[in-house]
>>> print(open('entry-v3.txt').read())   # compact mmCIF, C-alpha atoms
# COMPACT_ATOMS: atom_id res chain seq x y z
CA MET A 100 18.90 -4.07 -0.58
CA SER A 101 16.84 -0.90 -0.73
CA PHE A 102 13.12 -0.44 -1.18
CA LEU A 103 11.74 2.46 -3.22
CA VAL A 104 8.12 3.40 -2.59
CA ILE A 105 6.51 5.87 -4.98
CA GLY A 106 3.30 7.60 -3.99
CA GLU A 107 1.33 10.10 -2.04
CA CYS A 108 1.46 11.38 1.50
CA VAL A 109 -1.88 12.42 2.98
CA ALA A 110 -2.85 14.07 6.25
CA ASP A 111 -5.64 11.87 7.62
CA ILE A 112 -8.10 13.98 9.58
CA VAL A 113 -9.81 11.36 11.73
CA ARG A 114 -13.37 12.20 12.69
CA GLU A 115 -15.32 10.14 15.21
CA PRO A 116 -18.75 10.66 16.75
CA ALA A 117 -18.70 13.11 19.68
CA THR A 118 -14.90 13.65 19.65
CA ALA A 119 -12.53 16.33 18.34
CA ASP A 120 -10.78 15.77 15.02
CA VAL A 121 -7.30 14.23 15.21
CA VAL A 122 -4.68 14.54 12.42
CA HIS A 123 -2.57 11.46 11.62
CA PRO A 124 0.15 11.09 8.96
CA GLY A 125 -1.22 8.88 6.17
CA GLY A 126 -1.40 8.02 2.50
CA SER A 127 -1.21 4.38 1.48
CA PRO A 128 2.29 4.43 -0.11
CA ALA A 129 3.62 6.54 2.77
CA ASN A 130 2.16 4.05 5.23
CA VAL A 131 3.86 1.17 3.40
CA ALA A 132 7.20 3.00 3.47
CA TYR A 133 6.76 3.71 7.18
CA GLY A 134 5.88 0.08 7.86
CA LEU A 135 8.95 -1.16 6.00
CA ALA A 136 11.21 1.20 7.92
CA ARG A 137 9.63 0.10 11.21
CA LEU A 138 10.62 -3.45 10.24
CA GLY A 139 14.21 -2.33 9.74
CA ARG A 140 14.25 -2.10 5.95
CA ASP A 141 16.19 0.60 4.09
CA THR A 142 13.38 2.57 2.49
CA THR A 143 13.10 5.66 0.31
CA LEU A 144 9.76 7.34 -0.41
CA LEU A 145 9.44 9.42 -3.58
CA THR A 146 6.49 11.70 -2.89
CA GLN A 147 5.18 15.25 -2.71
CA LEU A 148 4.94 17.35 0.45
CA ALA A 149 3.99 20.98 0.97
CA ASP A 150 5.82 23.24 3.39
CA ASP A 151 2.89 23.49 5.78
CA ASP A 152 1.95 22.11 9.19
CA SER A 153 0.62 18.85 7.78
CA GLY A 154 3.65 18.39 5.53
CA ARG A 155 6.04 18.90 8.42
CA LEU A 156 4.00 16.51 10.61
CA ILE A 157 4.21 13.80 7.95
CA ALA A 158 7.91 14.38 7.24
CA ASP A 159 8.79 14.14 10.93
CA HIS A 160 6.72 10.99 11.25
CA LEU A 161 8.42 9.27 8.32
CA THR A 162 11.98 10.31 9.05
CA GLY A 163 11.49 9.37 12.70
CA ALA A 164 11.05 5.77 11.56
CA GLY A 165 14.06 5.97 9.24
CA VAL A 166 12.33 6.63 5.91
CA ARG A 167 14.41 8.65 3.45
CA ILE A 168 12.16 11.21 1.70
CA ALA A 169 12.71 12.35 -1.89
CA VAL A 170 10.36 15.13 -2.99
CA GLY A 171 9.32 15.39 -6.62
CA GLY A 172 7.74 18.83 -6.57
CA ALA A 173 5.88 20.59 -3.79
CA PRO A 174 2.09 21.03 -4.03
CA ALA A 175 0.44 24.22 -2.80
CA ARG A 176 -0.88 22.31 0.22
CA THR A 177 -0.43 18.86 1.67
CA PRO A 178 -3.22 16.52 0.52
CA THR A 179 -5.86 15.68 3.11
CA ALA A 180 -8.37 12.91 3.68
CA VAL A 181 -11.19 13.28 6.16
CA VAL A 182 -11.51 9.79 7.66
CA SER A 183 -14.91 9.33 9.24
CA LEU A 184 -15.12 6.38 11.62
CA ASP A 185 -18.40 4.75 12.56
CA ARG A 186 -19.08 3.18 15.94
CA LEU A 187 -17.45 -0.09 14.78
CA GLY A 188 -14.24 1.68 13.71
CA GLN A 189 -14.89 1.27 9.98
CA ALA A 190 -13.52 4.12 7.88
CA SER A 191 -14.97 6.18 5.02
CA TYR A 192 -13.01 8.92 3.22
CA ALA A 193 -13.40 12.38 1.66
CA PHE A 194 -10.35 13.73 -0.19
CA ASP A 195 -8.63 17.00 -1.11
CA ILE A 196 -5.72 15.72 -3.22
CA ALA A 197 -3.66 16.80 -6.21
CA TRP A 198 -0.84 14.65 -7.61
CA THR A 199 1.68 16.35 -9.90
CA LEU A 200 4.87 14.35 -9.22
CA THR A 201 7.84 15.20 -11.42
CA ALA A 202 11.13 13.27 -11.47
CA ASP A 203 13.50 12.67 -14.38
CA GLU A 204 15.66 10.16 -12.50
CA PRO A 205 15.07 7.71 -9.65
CA PRO A 206 16.07 9.21 -6.29
CA ALA A 207 19.36 8.35 -4.63
CA THR A 208 19.13 5.38 -2.26
CA GLU A 209 21.49 3.81 0.27
CA GLY A 210 21.89 0.64 -1.79
CA PRO A 211 20.70 -0.68 -5.15
CA VAL A 212 16.92 -0.63 -5.47
CA ARG A 213 15.77 -4.23 -5.55
CA HIS A 214 12.06 -3.61 -5.04
CA VAL A 215 9.67 -0.84 -6.11
CA HIS A 216 6.24 -0.43 -4.56
CA LEU A 217 3.58 1.78 -6.11
CA GLY A 218 -0.03 2.26 -5.39
CA SER A 219 -3.21 4.05 -4.65
CA ILE A 220 -3.92 7.56 -5.87
CA ALA A 221 -0.42 8.22 -7.22
CA ALA A 222 -0.44 5.35 -9.71
CA VAL A 223 -3.66 6.36 -11.48
CA THR A 224 -4.03 10.15 -11.05
CA ALA A 225 -2.80 12.46 -13.81
CA PRO A 226 -0.47 14.13 -14.37
CA GLY A 227 1.81 12.54 -11.74
CA ALA A 228 0.86 8.95 -12.58
CA GLY A 229 2.82 9.21 -15.82
CA THR A 230 6.00 9.85 -13.82
CA VAL A 231 5.23 6.92 -11.49
CA LEU A 232 4.74 4.45 -14.33
CA ALA A 233 7.74 5.68 -16.33
CA LEU A 234 10.11 5.34 -13.36
CA THR A 235 8.70 1.94 -12.46
CA GLY A 236 9.09 0.72 -16.02
CA ARG A 237 12.74 1.77 -16.03
CA LEU A 238 13.53 0.20 -12.66
CA ARG A 239 11.81 -3.13 -13.17
CA SER A 240 14.68 -4.45 -15.27
CA THR A 241 16.68 -4.81 -12.04
CA ALA A 242 13.96 -4.70 -9.37
CA THR A 243 10.76 -6.54 -8.56
CA VAL A 244 7.55 -4.50 -8.35
CA SER A 245 4.47 -4.56 -6.14
CA TYR A 246 1.19 -2.69 -6.53
CA ASP A 247 -1.80 -1.97 -4.32
CA PRO A 248 -4.70 -0.19 -6.07
CA ASN A 249 -6.23 0.84 -2.71
CA VAL A 250 -9.28 2.05 -4.63
CA ARG A 251 -10.86 5.35 -3.62
CA PRO A 252 -14.03 5.53 -5.76
CA ALA A 253 -14.42 9.29 -5.28
CA LEU A 254 -11.07 9.82 -7.02
CA MET A 255 -11.20 7.12 -9.70
CA GLY A 256 -13.34 8.87 -12.30
CA GLU A 257 -15.30 6.94 -14.93
CA HIS A 258 -15.32 3.21 -14.20
CA GLY A 259 -14.07 1.75 -17.48
CA PRO A 260 -11.01 3.99 -17.86
CA ALA A 261 -10.27 3.57 -14.15
CA VAL A 262 -10.16 -0.23 -14.52
CA ALA A 263 -7.86 0.15 -17.54
CA ARG A 264 -5.47 2.33 -15.51
CA VAL A 265 -5.43 -0.20 -12.67
CA GLU A 266 -4.76 -3.07 -15.07
CA ARG A 267 -1.85 -1.18 -16.61
CA CYS A 268 -0.28 -1.04 -13.13
CA VAL A 269 -1.08 -4.71 -12.52
CA ALA A 270 0.77 -5.60 -15.72
CA LEU A 271 3.91 -3.83 -14.42
CA ALA A 272 3.83 -5.69 -11.11
CA ASP A 273 5.19 -9.01 -9.86
CA LEU A 274 2.95 -8.97 -6.78
CA VAL A 275 -0.43 -7.30 -6.37
CA LYS A 276 -2.39 -6.83 -3.15
CA ALA A 277 -6.00 -5.62 -3.09
CA SER A 278 -8.91 -5.66 -0.69
CA ASP A 279 -12.20 -7.37 -1.38
CA GLU A 280 -13.76 -3.89 -1.42
CA ASP A 281 -11.31 -2.81 -4.14
CA LEU A 282 -12.27 -5.82 -6.25
CA ALA A 283 -16.01 -5.29 -5.70
CA TRP A 284 -15.71 -1.78 -7.15
CA LEU A 285 -13.41 -2.73 -10.02
CA TYR A 286 -15.20 -5.95 -11.04
CA PRO A 287 -18.74 -6.01 -9.59
CA GLY A 288 -20.08 -9.51 -9.05
CA GLU A 289 -16.80 -11.35 -9.75
CA SER A 290 -15.24 -13.55 -7.08
CA PRO A 291 -11.75 -12.71 -5.76
CA GLU A 292 -10.48 -15.96 -7.25
CA LYS A 293 -11.75 -14.99 -10.71
CA VAL A 294 -10.19 -11.52 -10.47
CA ALA A 295 -6.92 -13.06 -9.27
CA ALA A 296 -6.87 -15.32 -12.33
CA ARG A 297 -7.53 -12.31 -14.57
CA TRP A 298 -4.65 -10.40 -13.00
CA LEU A 299 -2.24 -13.35 -13.07
CA ALA A 300 -2.80 -13.51 -16.82
CA LEU A 301 -1.53 -9.93 -17.08
CA GLY A 302 1.85 -10.86 -15.60
CA PRO A 303 2.13 -10.89 -11.78
CA ALA A 304 3.32 -14.05 -10.03
CA VAL A 305 1.26 -13.50 -6.86
CA VAL A 306 -2.11 -11.89 -6.11
CA LEU A 307 -3.13 -11.28 -2.50
CA VAL A 308 -6.63 -10.32 -1.39
CA THR A 309 -7.45 -8.99 2.07
CA ARG A 310 -10.97 -9.58 3.38
CA GLY A 311 -11.06 -7.73 6.69
CA GLY A 312 -12.32 -9.92 9.50
CA ALA A 313 -12.73 -12.81 7.05
CA GLY A 314 -8.95 -13.10 6.59
CA SER A 315 -6.94 -13.14 3.38
CA LEU A 316 -6.26 -15.06 0.20
CA ALA A 317 -3.10 -15.75 -1.83
CA VAL A 318 -3.29 -16.94 -5.44
CA THR A 319 -0.49 -17.99 -7.78
CA ARG A 320 -0.58 -20.01 -11.00
CA ASP A 321 -0.13 -23.20 -8.96
CA HIS A 322 -1.73 -22.53 -5.57
CA THR A 323 -4.67 -20.90 -3.83
CA VAL A 324 -4.27 -20.47 -0.07
CA SER A 325 -6.58 -18.76 2.42
CA ALA A 326 -6.04 -17.69 6.02
CA GLY A 327 -8.31 -16.48 8.79
CA ALA A 328 -7.85 -13.14 10.53
CA PRO A 329 -6.34 -13.13 14.03
CA PRO A 330 -8.88 -12.26 16.73
CA VAL A 331 -8.42 -8.64 17.81
CA ALA A 332 -10.35 -5.81 19.46
CA VAL A 333 -10.58 -3.23 16.66
CA VAL A 334 -9.89 0.42 17.51
CA ASP A 335 -9.91 1.51 13.86
CA THR A 336 -9.03 0.01 10.49
CA VAL A 337 -6.92 2.91 9.19
CA GLY A 338 -3.70 1.59 7.63
CA ALA A 339 -4.47 -2.09 8.16
CA GLY A 340 -4.00 -3.00 4.51
CA ASP A 341 -0.79 -1.00 4.32
CA SER A 342 0.63 -2.82 7.35
CA PHE A 343 -0.31 -6.10 5.66
CA MET A 344 1.56 -4.94 2.53
CA SER A 345 4.67 -3.86 4.46
CA ALA A 346 4.87 -7.21 6.22
CA VAL A 347 4.49 -9.04 2.89
CA LEU A 348 7.32 -7.06 1.30
CA ASP A 349 9.52 -7.57 4.34
CA ALA A 350 8.91 -11.32 4.30
CA LEU A 351 9.67 -11.58 0.58
CA ALA A 352 12.73 -9.30 0.58
CA GLY A 353 15.48 -10.67 -1.63
CA ARG A 354 13.28 -12.89 -3.80
CA ASP A 355 13.61 -12.21 -7.49
CA ARG A 356 10.89 -12.89 -10.06
CA ALA A 357 11.77 -16.57 -10.24
CA GLY A 358 11.64 -16.77 -6.45
CA LEU A 359 8.20 -15.20 -6.33
CA ALA A 360 6.93 -17.57 -9.01
CA ALA A 361 8.28 -20.52 -7.01
CA LEU A 362 6.38 -19.75 -3.81
CA GLY A 363 4.69 -22.92 -2.55
CA ALA A 364 1.52 -23.38 -0.55
CA ALA A 365 3.42 -23.47 2.76
CA ASP A 366 5.28 -20.27 1.82
CA LEU A 367 2.00 -18.54 1.04
CA ALA A 368 0.37 -19.71 4.27
CA GLY A 369 3.29 -18.36 6.29
CA LEU A 370 3.18 -15.09 4.35
CA LEU A 371 -0.52 -14.59 5.05
CA ALA A 372 -0.06 -15.41 8.74
CA ARG A 373 2.74 -12.88 9.15
CA ALA A 374 0.97 -10.13 7.21
CA GLY A 375 -2.31 -10.81 9.03
CA ALA A 376 -0.55 -10.46 12.37
CA ALA A 377 0.89 -7.10 11.31
CA ALA A 378 -2.55 -5.85 10.29
CA ALA A 379 -4.03 -7.07 13.59
CA VAL A 380 -1.50 -5.04 15.58
CA THR A 381 -2.37 -1.96 13.52
CA VAL A 382 -6.14 -2.20 13.97
CA SER A 383 -5.68 -2.65 17.73
CA ARG A 384 -4.56 0.99 18.06
CA ALA A 385 -5.53 4.35 16.60
CA GLY A 386 -4.14 5.52 13.26
CA ALA A 387 -1.83 3.88 10.75
CA ARG A 388 0.71 2.62 13.29
CA PRO A 389 2.26 -0.63 12.01
CA PRO A 390 4.37 -2.85 14.26
CA ASP A 391 8.12 -2.90 14.49
CA ARG A 392 9.87 -6.26 14.18
CA ALA A 393 9.76 -7.04 17.90
CA GLU A 394 6.02 -6.29 18.07
CA LEU A 395 5.34 -8.38 14.98
CA ASP A 396 7.34 -11.33 16.29
CA ALA A 397 5.51 -11.09 19.61
CA ALA A 398 2.12 -11.00 17.87
CA LEU A 399 3.01 -14.10 15.88
CA ALA A 400 4.21 -15.92 18.97
CA ALA A 401 1.03 -15.01 20.86
CA GLY A 402 -1.22 -16.02 17.96
>>> encode(input="entry-v3.txt", output="structure tokens")
Amino acid sequence: MSFLVIGECVADIVREPATADVVHPGGSPANVAYGLARLGRDTTLLTQLADDDSGRLIADHLTGAGVRIAVGGAPARTPTAVVSLDRLGQASYAFDIAWTLTADEPPATEGPVRHVHLGSIAAVTAPGAGTVLALTGRLRSTATVSYDPNVRPALMGEHGPAVARVERCVALADLVKASDEDLAWLYPGESPEKVAARWLALGPAVVLVTRGGAGSLAVTRDHTVSAGAPPVAVVDTVGAGDSFMSAVLDALAGRDRAGLAALGAADLAGLLARAGAAAAVTVSRAGARPPDRAELDAALAAG
């Protein structure tokens, strides 16, 4: 099977106290595609890249892992995010991003697309978001769909319309992953369990919530399962949620909608453990560098 990821690439300019800036390839969907390829999955990323130094850096990074890149229009410059890290490695972001994706047809892939992942800026930012949602709507007749809002408040615009855009994506998806910070911005004062129930009513079979050092949560119509976070010395948190997402999609590869709906409590516990281990490997080193399969298996064995 092939995975199709639709979304932005971003050059992450990492800024730490008393050190020189370092540029890392980034962008949440691009990180998910990279993580899937690192785990050996056939993966195509439909994105936008400029012909500049940052664009070439990102393209080399992705293709080096085996990601197939399909470009739907080239922006004037590759999007950037200044990632400022505090002394605990926690990240905050400032963006220079435009998203104007154009594509009349899904890109060519090695095999039939059986899963589509969308997320972050690309799924809610006009005018390109219209292309993302149209392609996803066409493909979901033969493919399952996942979505990660990966909320960036500075880019979301007015709150009410932003929530409506996110919920439109949730309604297209079979699996949704969000962080507790995403949910706090989208639905202030509501518990993750309450938001999960709201989203399940829109259509997904599974809602996953990451909670940083507090672990993660999986909610279906029949089960609610939580897991702690593996102990790890944090270098930075860049890409942790995307590594979690890649490991989830890898673990669920081949399940159709009925298979996702049938996940039991033990399945969900194993899923959270595997995805949590992937995120722990990523935060143990600088940048969005998810594990390959051997590293992930070793992390699980050690944990």
>>> residues_around(input="entry-v3.txt", residues="range 303-309 of chain A", least_positions_apart="6", cutoff="10 Å", atoms="all atoms listed in the file", output="mmCIF file with C-alpha atoms, in the coordinates of the input")
data_model
loop_
_atom_site.group_PDB
_atom_site.id
_atom_site.type_symbol
_atom_site.label_atom_id
_atom_site.label_comp_id
_atom_site.auth_asym_id
_atom_site.auth_seq_id
_atom_site.Cartn_x
_atom_site.Cartn_y
_atom_site.Cartn_z
ATOM 1 C CA VAL A 244 7.550 -4.500 -8.350
ATOM 2 C CA SER A 245 4.470 -4.560 -6.140
ATOM 3 C CA TYR A 246 1.190 -2.690 -6.530
ATOM 4 C CA ASP A 247 -1.800 -1.970 -4.320
ATOM 5 C CA VAL A 269 -1.080 -4.710 -12.520
ATOM 6 C CA ALA A 270 0.770 -5.600 -15.720
ATOM 7 C CA LEU A 271 3.910 -3.830 -14.420
ATOM 8 C CA ALA A 272 3.830 -5.690 -11.110
ATOM 9 C CA ASP A 273 5.190 -9.010 -9.860
ATOM 10 C CA LEU A 274 2.950 -8.970 -6.780
ATOM 11 C CA VAL A 275 -0.430 -7.300 -6.370
ATOM 12 C CA LYS A 276 -2.390 -6.830 -3.150
ATOM 13 C CA ALA A 277 -6.000 -5.620 -3.090
ATOM 14 C CA SER A 278 -8.910 -5.660 -0.690
ATOM 15 C CA ASP A 279 -12.200 -7.370 -1.380
ATOM 16 C CA GLU A 280 -13.760 -3.890 -1.420
ATOM 17 C CA ASP A 281 -11.310 -2.810 -4.140
ATOM 18 C CA LEU A 282 -12.270 -5.820 -6.250
ATOM 19 C CA PRO A 291 -11.750 -12.710 -5.760
ATOM 20 C CA GLU A 292 -10.480 -15.960 -7.250
ATOM 21 C CA VAL A 294 -10.190 -11.520 -10.470
ATOM 22 C CA ALA A 295 -6.920 -13.060 -9.270
ATOM 23 C CA ALA A 296 -6.870 -15.320 -12.330
ATOM 24 C CA SER A 315 -6.940 -13.140 3.380
ATOM 25 C CA LEU A 316 -6.260 -15.060 0.200
ATOM 26 C CA ALA A 317 -3.100 -15.750 -1.830
ATOM 27 C CA VAL A 318 -3.290 -16.940 -5.440
ATOM 28 C CA THR A 319 -0.490 -17.990 -7.780
ATOM 29 C CA ARG A 320 -0.580 -20.010 -11.000
ATOM 30 C CA ASP A 321 -0.130 -23.200 -8.960
ATOM 31 C CA HIS A 322 -1.730 -22.530 -5.570
ATOM 32 C CA THR A 323 -4.670 -20.900 -3.830
ATOM 33 C CA VAL A 324 -4.270 -20.470 -0.070
ATOM 34 C CA SER A 325 -6.580 -18.760 2.420
ATOM 35 C CA ALA A 326 -6.040 -17.690 6.020
ATOM 36 C CA ALA A 328 -7.850 -13.140 10.530
ATOM 37 C CA ALA A 339 -4.470 -2.090 8.160
ATOM 38 C CA GLY A 340 -4.000 -3.000 4.510
ATOM 39 C CA PHE A 343 -0.310 -6.100 5.660
ATOM 40 C CA MET A 344 1.560 -4.940 2.530
ATOM 41 C CA VAL A 347 4.490 -9.040 2.890
ATOM 42 C CA ARG A 356 10.890 -12.890 -10.060
ATOM 43 C CA ALA A 357 11.770 -16.570 -10.240
ATOM 44 C CA GLY A 358 11.640 -16.770 -6.450
ATOM 45 C CA LEU A 359 8.200 -15.200 -6.330
ATOM 46 C CA ALA A 360 6.930 -17.570 -9.010
ATOM 47 C CA ALA A 361 8.280 -20.520 -7.010
ATOM 48 C CA LEU A 362 6.380 -19.750 -3.810
ATOM 49 C CA LEU A 367 2.000 -18.540 1.040
ATOM 50 C CA LEU A 371 -0.520 -14.590 5.050
ATOM 51 C CA ALA A 374 0.970 -10.130 7.210
ATOM 52 C CA GLY A 375 -2.310 -10.810 9.030
#
>>> closest_residue(input="entry-v3.txt", among="A:Gly402, A:Gly288, A:Gly259, A:Pro248", to="Pro329 in chain A", atoms="all atoms listed in the file")
A:Gly402
>>> closest_residue(input="entry-v3.txt", among="A:Leu395, A:Leu144, A:Ala180, A:Ile105", to="Ala253 in chain A", atoms="all atoms listed in the file")
A:Ala180
>>> atom_distance(input="entry-v3.txt", atom1="CA of Met255 in chain A", atom2="CA of Ala228 in chain A")
12.5 Å
>>> closest_residue(input="entry-v3.txt", among="A:Thr336, A:Thr243, A:Thr162, A:Ser183", to="Ala387 in chain A", atoms="all atoms listed in the file")
A:Thr336
>>> residues_around(input="entry-v3.txt", residues="Ser101 in chain A", least_positions_apart="3", cutoff="9 Å", atoms="all atoms listed in the file", output="PyMOL selection string")
chain A and resi 140-143+208-215
>>> residues_around(input="entry-v3.txt", residues="Phe194 in chain A", least_positions_apart="3", cutoff="12 Å", atoms="only C-alpha atoms", output="list of chain:residue names")
A:Val109, A:Ala110, A:Asp111, A:Ile112, A:Gly126, A:Thr177, A:Pro178, A:Thr179, A:Ala180, A:Val181, A:Val182, A:Ser183, A:Ser191, A:Ala197, A:Ile220, A:Arg251, A:Pro252, A:Ala253, A:Leu254, A:Met255
>>> atom_distance(input="entry-v3.txt", atom1="CA of Thr199 in chain A", atom2="CA of Gln147 in chain A")
8.1 Å
>>> closest_residue(input="entry-v3.txt", among="A:Thr146, A:Thr230, A:Thr201, A:Ser345", to="Ala132 in chain A", atoms="only C-alpha atoms")
A:Ser345
>>> closest_residue(input="entry-v3.txt", among="A:Leu238, A:Val333, A:Ala169, A:Ala352", to="Leu138 in chain A", atoms="all atoms listed in the file")
A:Ala352
>>> closest_residue(input="entry-v3.txt", among="A:Glu107, A:Asp366, A:Asp391, A:Asp355", to="Pro124 in chain A", atoms="only C-alpha atoms")
A:Glu107
>>> atom_distance(input="entry-v3.txt", atom1="CA of Ala193 in chain A", atom2="CA of Leu135 in chain A")
26.5 Å
>>> residues_around(input="entry-v3.txt", residues="Asp152 in chain A", least_positions_apart="3", cutoff="10 Å", atoms="only C-alpha atoms", output="list in words")
Ala110, Ala149, Arg155, Leu156, Ile157, Ala158, Arg176 and Thr177 of chain A
>>> axis_aligned_box(input="entry-v3.txt", around="range 179-193 of chain A", padding_each_side="5 Å", output="lines of an AutoDock Vina configuration file")
center_x = -12.5
center_y = 7.8
center_z = 8.8
size_x = 23.2
size_y = 25.8
size_z = 24.3
>>> build_atoms(input="entry-v3.txt", residues="range 330-342 of chain A", atoms="N, CA, C and O atoms", output="PDB file, in the coordinates of the input")
ATOM      1  N   PRO A 330      -7.891 -12.963  15.912  1.00  0.00           N
ATOM      2  CA  PRO A 330      -8.880 -12.260  16.730  1.00  0.00           C
ATOM      3  C   PRO A 330      -8.259 -11.014  17.359  1.00  0.00           C
ATOM      4  O   PRO A 330      -7.139 -11.054  17.870  1.00  0.00           O
ATOM      5  N   VAL A 331      -8.967  -9.887  17.287  1.00  0.00           N
ATOM      6  CA  VAL A 331      -8.420  -8.640  17.810  1.00  0.00           C
ATOM      7  C   VAL A 331      -9.573  -7.684  18.115  1.00  0.00           C
ATOM      8  O   VAL A 331     -10.602  -7.696  17.431  1.00  0.00           O
ATOM      9  N   ALA A 332      -9.394  -6.878  19.165  1.00  0.00           N
ATOM     10  CA  ALA A 332     -10.350  -5.810  19.460  1.00  0.00           C
ATOM     11  C   ALA A 332      -9.985  -4.611  18.585  1.00  0.00           C
ATOM     12  O   ALA A 332      -8.919  -4.017  18.735  1.00  0.00           O
ATOM     13  N   VAL A 333     -10.877  -4.252  17.662  1.00  0.00           N
ATOM     14  CA  VAL A 333     -10.580  -3.230  16.660  1.00  0.00           C
ATOM     15  C   VAL A 333     -10.800  -1.835  17.245  1.00  0.00           C
ATOM     16  O   VAL A 333     -11.884  -1.526  17.742  1.00  0.00           O
ATOM     17  N   VAL A 334      -9.751  -0.998  17.174  1.00  0.00           N
ATOM     18  CA  VAL A 334      -9.890   0.420  17.510  1.00  0.00           C
ATOM     19  C   VAL A 334     -10.271   1.192  16.259  1.00  0.00           C
ATOM     20  O   VAL A 334     -11.225   1.957  16.250  1.00  0.00           O
ATOM     21  N   ASP A 335      -9.495   1.036  15.189  1.00  0.00           N
ATOM     22  CA  ASP A 335      -9.910   1.510  13.860  1.00  0.00           C
ATOM     23  C   ASP A 335      -9.136   0.738  12.804  1.00  0.00           C
ATOM     24  O   ASP A 335      -8.144   0.078  13.114  1.00  0.00           O
ATOM     25  N   THR A 336      -9.617   0.809  11.575  1.00  0.00           N
ATOM     26  CA  THR A 336      -9.030   0.010  10.490  1.00  0.00           C
ATOM     27  C   THR A 336      -8.081   0.817   9.612  1.00  0.00           C
ATOM     28  O   THR A 336      -7.610   0.319   8.588  1.00  0.00           O
ATOM     29  N   VAL A 337      -7.774   2.062  10.001  1.00  0.00           N
ATOM     30  CA  VAL A 337      -6.920   2.910   9.190  1.00  0.00           C
ATOM     31  C   VAL A 337      -5.518   2.292   9.082  1.00  0.00           C
ATOM     32  O   VAL A 337      -4.876   1.995  10.085  1.00  0.00           O
ATOM     33  N   GLY A 338      -5.049   2.085   7.857  1.00  0.00           N
ATOM     34  CA  GLY A 338      -3.700   1.590   7.630  1.00  0.00           C
ATOM     35  C   GLY A 338      -3.529   0.089   7.744  1.00  0.00           C
ATOM     36  O   GLY A 338      -2.400  -0.411   7.597  1.00  0.00           O
ATOM     37  N   ALA A 339      -4.600  -0.642   7.977  1.00  0.00           N
ATOM     38  CA  ALA A 339      -4.470  -2.090   8.160  1.00  0.00           C
ATOM     39  C   ALA A 339      -3.919  -2.764   6.899  1.00  0.00           C
ATOM     40  O   ALA A 339      -3.008  -3.598   6.964  1.00  0.00           O
ATOM     41  N   GLY A 340      -4.468  -2.408   5.748  1.00  0.00           N
ATOM     42  CA  GLY A 340      -4.000  -3.000   4.510  1.00  0.00           C
ATOM     43  C   GLY A 340      -2.560  -2.634   4.186  1.00  0.00           C
ATOM     44  O   GLY A 340      -1.811  -3.438   3.620  1.00  0.00           O
ATOM     45  N   ASP A 341      -2.163  -1.423   4.561  1.00  0.00           N
ATOM     46  CA  ASP A 341      -0.790  -1.000   4.320  1.00  0.00           C
ATOM     47  C   ASP A 341       0.186  -1.747   5.224  1.00  0.00           C
ATOM     48  O   ASP A 341       1.297  -2.088   4.805  1.00  0.00           O
ATOM     49  N   SER A 342      -0.207  -2.003   6.471  1.00  0.00           N
ATOM     50  CA  SER A 342       0.630  -2.820   7.350  1.00  0.00           C
ATOM     51  C   SER A 342       0.769  -4.235   6.814  1.00  0.00           C
ATOM     52  O   SER A 342       1.859  -4.835   6.865  1.00  0.00           O
TER      53      SER A 342
END
